[in-house]
Each structure stands twice: as structure tokens, then as C-alpha cells.
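Novice: Dropping a structure here in C-alpha cells format, bear with me for questions.
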Protein chains: 2
Amino acid sequence: MQDHLSATFSALADPTRRAILARLALGETSVSDLAKPFDISGPAISRHLKVLEQAGLITRGREAQWRPCKLDARALRPVDDWLERYRKLWEERFDRLDDYLRELQAQGDGENPKDAKDRNKDRNKNRKPKEKKRGRKT
Amino acid sequence: MQDHLSATFSALADPTRRAILARLALGETSVSDLAKPFDISGPAISRHLKVLEQAGLITRGREAQWRPCKLDARALRPVDDWLERYRKLWEERFDRLDDYLRELQAQGDGENPKDAKDRNKDRNKNRKPKEKKRGRKT
């Protein structure tokens, strides 16, 4: 059986399913309204909805006539939590790029590149640690 | 052809591939060292690496003897950007849960629930907008 995080990533690995989620982010809607903008068959839409439902990304109403689809954005939190450890890696890369560009600029200004580098180091040392994105955990 | 974001999500939809990325987050390494902790064949590891490489999540060195694998965390930024619009939805849900729990608590304290609700409203009104996670865009 697929683990839950894999099921979530797998459900997101399709542009139609992501478009369905984007539509549902605006509010709940019926399957027929949901299908309108897509040039695909009813059964194909139903299959996409089933994948999203199994990943916990949407819920379906229980009324026989009107079974609205509703986004459950909480199912995306594990993806965000998984990303967390990698976020600092790409941010570091951008910080290093910043430093490099500043050094290049200092060279253009006729400054000793070493001075620019040391100044950047001081700047980074005094920089406040990045604020944590959110404090709560489920 | 699969769009790039779908390829990234698809590459992440496998626990072995996520474990490979977690290992590479510690530093670059050879394929044989990378394969050690996994109880799967060399060809299977190679297939996983190919999927990760095609999604831009890893790069391979070009030396004939030693082709180290290296994480490229920047390839995860589009996933983070995609999540952004949904982040506020699950945060709102948690804010509403907070309010509800405070109302329940106020009821337990013998306070008029309406007063607690109004106080929460004021509190939310005065709350500073959440700081944006980062200011840069590629």
C-alpha cells in the first residue's frame, strides 16, 4: 500500500487535479460545475476526484442529489512539513548568490573584493535568524 | 509530455526517492554509498536517480570514476510557490479552531459565549498580518 505522503504527492502530480484544487480553493461546488472548464469526460473527472478524495485533499457531501466537493487544505500540511528541511538549503544558496553579486559589484566599484566579502560576513552575522513560518503543530 | 511541476510531484511520490533526497541533503555522495542503506538492486537505484535527475532534483558529476550525486534544492521552490495559496487556507482553519476552543473555554468559565466571540474578533482585527515567508522570486 502507498504511504500517505506518497499518495498526496501522487495526487498532485497531475495538472487537471491541481486545477480542480485551485477551483475548490474558491469554494465548494458540484461535480458538474467543476467539470465545466475541462475538456474531459465525466468518468475521467470522477477518477481524478477519487484520487484527490483518497489522498484526503477533498471531501464529498453526502446528499444524494447534490454532492458538493470541498477542498481540505489541511491535507497539504504534511507536504509543507516535508519541504521545511529543504527550504533552508535553497535559501542558503540564494544568500551565497547575493554575496557573490555584491562582491562582483564591489569589484566594479574598484573596491578590494576581500573588503566586500568581509563586509558581507559581518552583515550576515548581524542578520536576525529567519522567523519560523508558523508555530503550531497538529 | 509531463509538465515540470507534475514531474517534480511525481518524483517525490516515492518513499525511496524521498529517502535519497534526505541523504543528499547532508552532502553529495557516490551512487554506491547512496545505495547502501536500501535493500534494492543497483538498477532500481539507477531508475530512481534518473527520475530525480529528470525532475532537476539532483545533478550527477561528470567524472568517469566518481559520479557523485548532488541535491539541487532549488527544484523544490516551485512546489513551495504552488503551496503558498493553500497555506493561508489551512492557517485560517486553525484560527477558526482557536476561536472555537476559546469560546468553549469562556463558556466553561461562566462567561457569555458572545462576549468571548467578540473579544476574539477584536483580537484578530488587531493581529498583525503574517509576515511573508520570503521576499525573493527567481
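Lettering and numbering for the C-alpha cells are positional, with chains as A, B, ... in the shown order, residues counted from 1 in each chain, and ligands counted from 1 in the shown order.
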Provide as a VMD selection string the residues of chain B at most 6 Å from chain A, counting only C-alpha atoms.

Specialist: chain B and resid 6 9 to 10 13 to 14 73 to 74 90

Novice: Would you mind listing what lies within 10 Å of region 38-49 of chain A as an NGL selection string, with only C-alpha atoms counted and same-chain residues fewer than 6 positions away left out?

Specialist: :A and (11 or 14 or 16-21 or 31-32 or 55 or 57-60 or 69)

Novice: Give me every alpha helix (DSSP H) residue in region 4-76 of chain B, going by DSSP on the backbone, as an MDAnalysis selection string.

Specialist: chainID B and resid 4:12 15:24 31:35 42:54

Novice: Given the selection you just returned, output its residues as a file containing N, CA, C and O atoms, formatted as a CSV table (one decimal), in the first residue's frame.

Specialist:
```
chain,number,residue,atom,x,y,z
B,4,HIS,N,6.5,20.4,-15.9
B,4,HIS,CA,7.6,20.3,-14.9
B,4,HIS,C,7.1,20.1,-13.5
B,4,HIS,O,7.7,19.3,-12.7
B,5,LEU,N,6.1,20.8,-13.1
B,5,LEU,CA,5.6,20.7,-11.7
B,5,LEU,C,5.1,19.3,-11.5
B,5,LEU,O,5.3,18.7,-10.4
B,6,SER,N,4.4,18.7,-12.5
B,6,SER,CA,3.9,17.3,-12.3
B,6,SER,C,5.1,16.4,-12.2
B,6,SER,O,5.0,15.4,-11.4
B,7,ALA,N,6.1,16.6,-13.0
B,7,ALA,CA,7.3,15.7,-12.9
B,7,ALA,C,7.9,15.8,-11.5
B,7,ALA,O,8.4,14.8,-11.0
B,8,THR,N,7.9,17.0,-10.9
B,8,THR,CA,8.5,17.1,-9.6
B,8,THR,C,7.7,16.4,-8.6
B,8,THR,O,8.2,15.6,-7.8
B,9,PHE,N,6.4,16.6,-8.6
B,9,PHE,CA,5.5,15.9,-7.6
B,9,PHE,C,5.6,14.4,-7.8
B,9,PHE,O,5.6,13.7,-6.9
B,10,SER,N,5.6,14.0,-9.1
B,10,SER,CA,5.7,12.6,-9.4
B,10,SER,C,7.0,12.0,-8.8
B,10,SER,O,7.0,10.9,-8.2
B,11,ALA,N,8.1,12.7,-9.0
B,11,ALA,CA,9.4,12.2,-8.4
B,11,ALA,C,9.4,12.1,-6.9
B,11,ALA,O,10.0,11.2,-6.3
B,12,LEU,N,8.6,13.0,-6.3
B,12,LEU,CA,8.5,13.0,-4.8
B,12,LEU,C,7.5,11.9,-4.2
B,12,LEU,O,7.5,11.7,-3.0
B,15,PRO,N,8.7,6.8,-1.4
B,15,PRO,CA,9.5,6.9,-0.2
B,15,PRO,C,11.0,6.7,-0.4
B,15,PRO,O,11.8,7.4,0.3
B,16,THR,N,11.4,5.8,-1.3
B,16,THR,CA,12.8,5.6,-1.5
B,16,THR,C,13.4,6.9,-2.1
B,16,THR,O,14.5,7.3,-1.7
B,17,ARG,N,12.7,7.5,-3.1
B,17,ARG,CA,13.3,8.7,-3.7
B,17,ARG,C,13.4,9.8,-2.6
B,17,ARG,O,14.3,10.6,-2.6
B,18,ARG,N,12.4,9.9,-1.8
B,18,ARG,CA,12.5,11.0,-0.7
B,18,ARG,C,13.6,10.7,0.3
B,18,ARG,O,14.3,11.6,0.7
B,19,ALA,N,13.9,9.4,0.5
B,19,ALA,CA,15.0,9.0,1.4
B,19,ALA,C,16.3,9.3,0.8
B,19,ALA,O,17.3,9.8,1.4
B,20,ILE,N,16.4,9.2,-0.6
B,20,ILE,CA,17.6,9.5,-1.3
B,20,ILE,C,17.9,11.0,-1.2
B,20,ILE,O,19.0,11.5,-0.9
B,21,LEU,N,16.8,11.8,-1.3
B,21,LEU,CA,17.0,13.3,-1.2
B,21,LEU,C,17.4,13.7,0.2
B,21,LEU,O,18.2,14.5,0.4
B,22,ALA,N,16.8,13.0,1.2
B,22,ALA,CA,17.2,13.3,2.6
B,22,ALA,C,18.6,13.0,2.9
B,22,ALA,O,19.3,13.7,3.5
B,23,ARG,N,19.1,11.9,2.3
B,23,ARG,CA,20.6,11.6,2.4
B,23,ARG,C,21.4,12.6,1.7
B,23,ARG,O,22.4,13.1,2.3
B,24,LEU,N,21.0,13.1,0.5
B,24,LEU,CA,21.8,14.0,-0.2
B,24,LEU,C,21.7,15.4,0.4
B,24,LEU,O,22.6,16.3,0.1
B,31,VAL,N,27.1,6.9,-6.0
B,31,VAL,CA,25.9,6.1,-6.1
B,31,VAL,C,26.0,4.9,-5.2
B,31,VAL,O,25.0,4.5,-4.6
B,32,SER,N,27.2,4.3,-5.1
B,32,SER,CA,27.3,3.0,-4.3
B,32,SER,C,27.1,3.3,-2.9
B,32,SER,O,26.4,2.6,-2.2
B,33,ASP,N,27.6,4.5,-2.4
B,33,ASP,CA,27.3,4.8,-0.9
B,33,ASP,C,25.8,5.1,-0.7
B,33,ASP,O,25.3,4.8,0.3
B,34,LEU,N,25.3,5.7,-1.7
B,34,LEU,CA,23.9,6.1,-1.7
B,34,LEU,C,23.0,4.9,-1.6
B,34,LEU,O,22.0,4.9,-0.9
B,35,ALA,N,23.4,3.8,-2.3
B,35,ALA,CA,22.6,2.6,-2.4
B,35,ALA,C,22.6,1.8,-1.1
B,35,ALA,O,21.7,1.0,-0.8
B,42,GLY,N,20.9,-2.5,-7.7
B,42,GLY,CA,21.6,-1.4,-8.4
B,42,GLY,C,20.7,-0.7,-9.5
B,42,GLY,O,20.6,0.5,-9.5
B,43,PRO,N,20.2,-1.5,-10.4
B,43,PRO,CA,19.4,-1.0,-11.5
B,43,PRO,C,18.1,-0.2,-10.9
B,43,PRO,O,17.8,0.8,-11.5
B,44,ALA,N,17.6,-0.7,-9.8
B,44,ALA,CA,16.4,0.0,-9.2
B,44,ALA,C,16.8,1.4,-8.7
B,44,ALA,O,16.1,2.4,-8.9
B,45,ILE,N,18.0,1.4,-8.0
B,45,ILE,CA,18.5,2.7,-7.6
B,45,ILE,C,18.7,3.7,-8.8
B,45,ILE,O,18.4,4.8,-8.7
B,46,SER,N,19.3,3.1,-9.8
B,46,SER,CA,19.6,3.9,-11.0
B,46,SER,C,18.3,4.5,-11.6
B,46,SER,O,18.3,5.7,-12.0
B,47,ARG,N,17.3,3.7,-11.6
B,47,ARG,CA,16.0,4.2,-12.1
B,47,ARG,C,15.5,5.4,-11.3
B,47,ARG,O,15.0,6.4,-11.8
B,48,HIS,N,15.6,5.2,-9.9
B,48,HIS,CA,15.1,6.3,-9.0
B,48,HIS,C,15.9,7.5,-9.3
B,48,HIS,O,15.4,8.6,-9.3
B,49,LEU,N,17.3,7.4,-9.4
B,49,LEU,CA,18.1,8.5,-9.6
B,49,LEU,C,17.8,9.2,-10.9
B,49,LEU,O,17.8,10.5,-11.0
B,50,LYS,N,17.4,8.4,-12.0
B,50,LYS,CA,17.1,9.0,-13.3
B,50,LYS,C,15.8,9.9,-13.1
B,50,LYS,O,15.8,11.0,-13.7
B,51,VAL,N,14.8,9.4,-12.4
B,51,VAL,CA,13.6,10.1,-12.2
B,51,VAL,C,13.9,11.5,-11.5
B,51,VAL,O,13.4,12.5,-11.8
B,52,LEU,N,14.7,11.4,-10.4
B,52,LEU,CA,15.1,12.6,-9.7
B,52,LEU,C,15.9,13.6,-10.5
B,52,LEU,O,15.7,14.8,-10.4
B,53,GLU,N,16.8,13.0,-11.4
B,53,GLU,CA,17.6,13.9,-12.2
B,53,GLU,C,16.7,14.6,-13.3
B,53,GLU,O,16.9,15.8,-13.6
B,54,GLN,N,15.8,13.8,-13.9
B,54,GLN,CA,14.9,14.4,-14.9
B,54,GLN,C,14.0,15.5,-14.3
B,54,GLN,O,13.6,16.5,-15.0
```

Novice: What does the distance from CA of Arg96 (chain B) to CA of Gly61 (chain A) come to in Å, to one decimal?

Specialist: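 It comes out at 21.1 Å.
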
Novice: Expressed in Å to a single decimal, how great is the separation between CA of Asp98 (chain A) and CA of Lys70 (chain B)?

Specialist: 21.5 Å

Novice: Record the distance separating CA of Arg67 (chain B) and CA of Thr29 (chain B), expressed in Å with one decimal.

Specialist: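 Result for CA of Arg67 (chain B) versus CA of Thr29 (chain B): 8.4 Å, one decimal.
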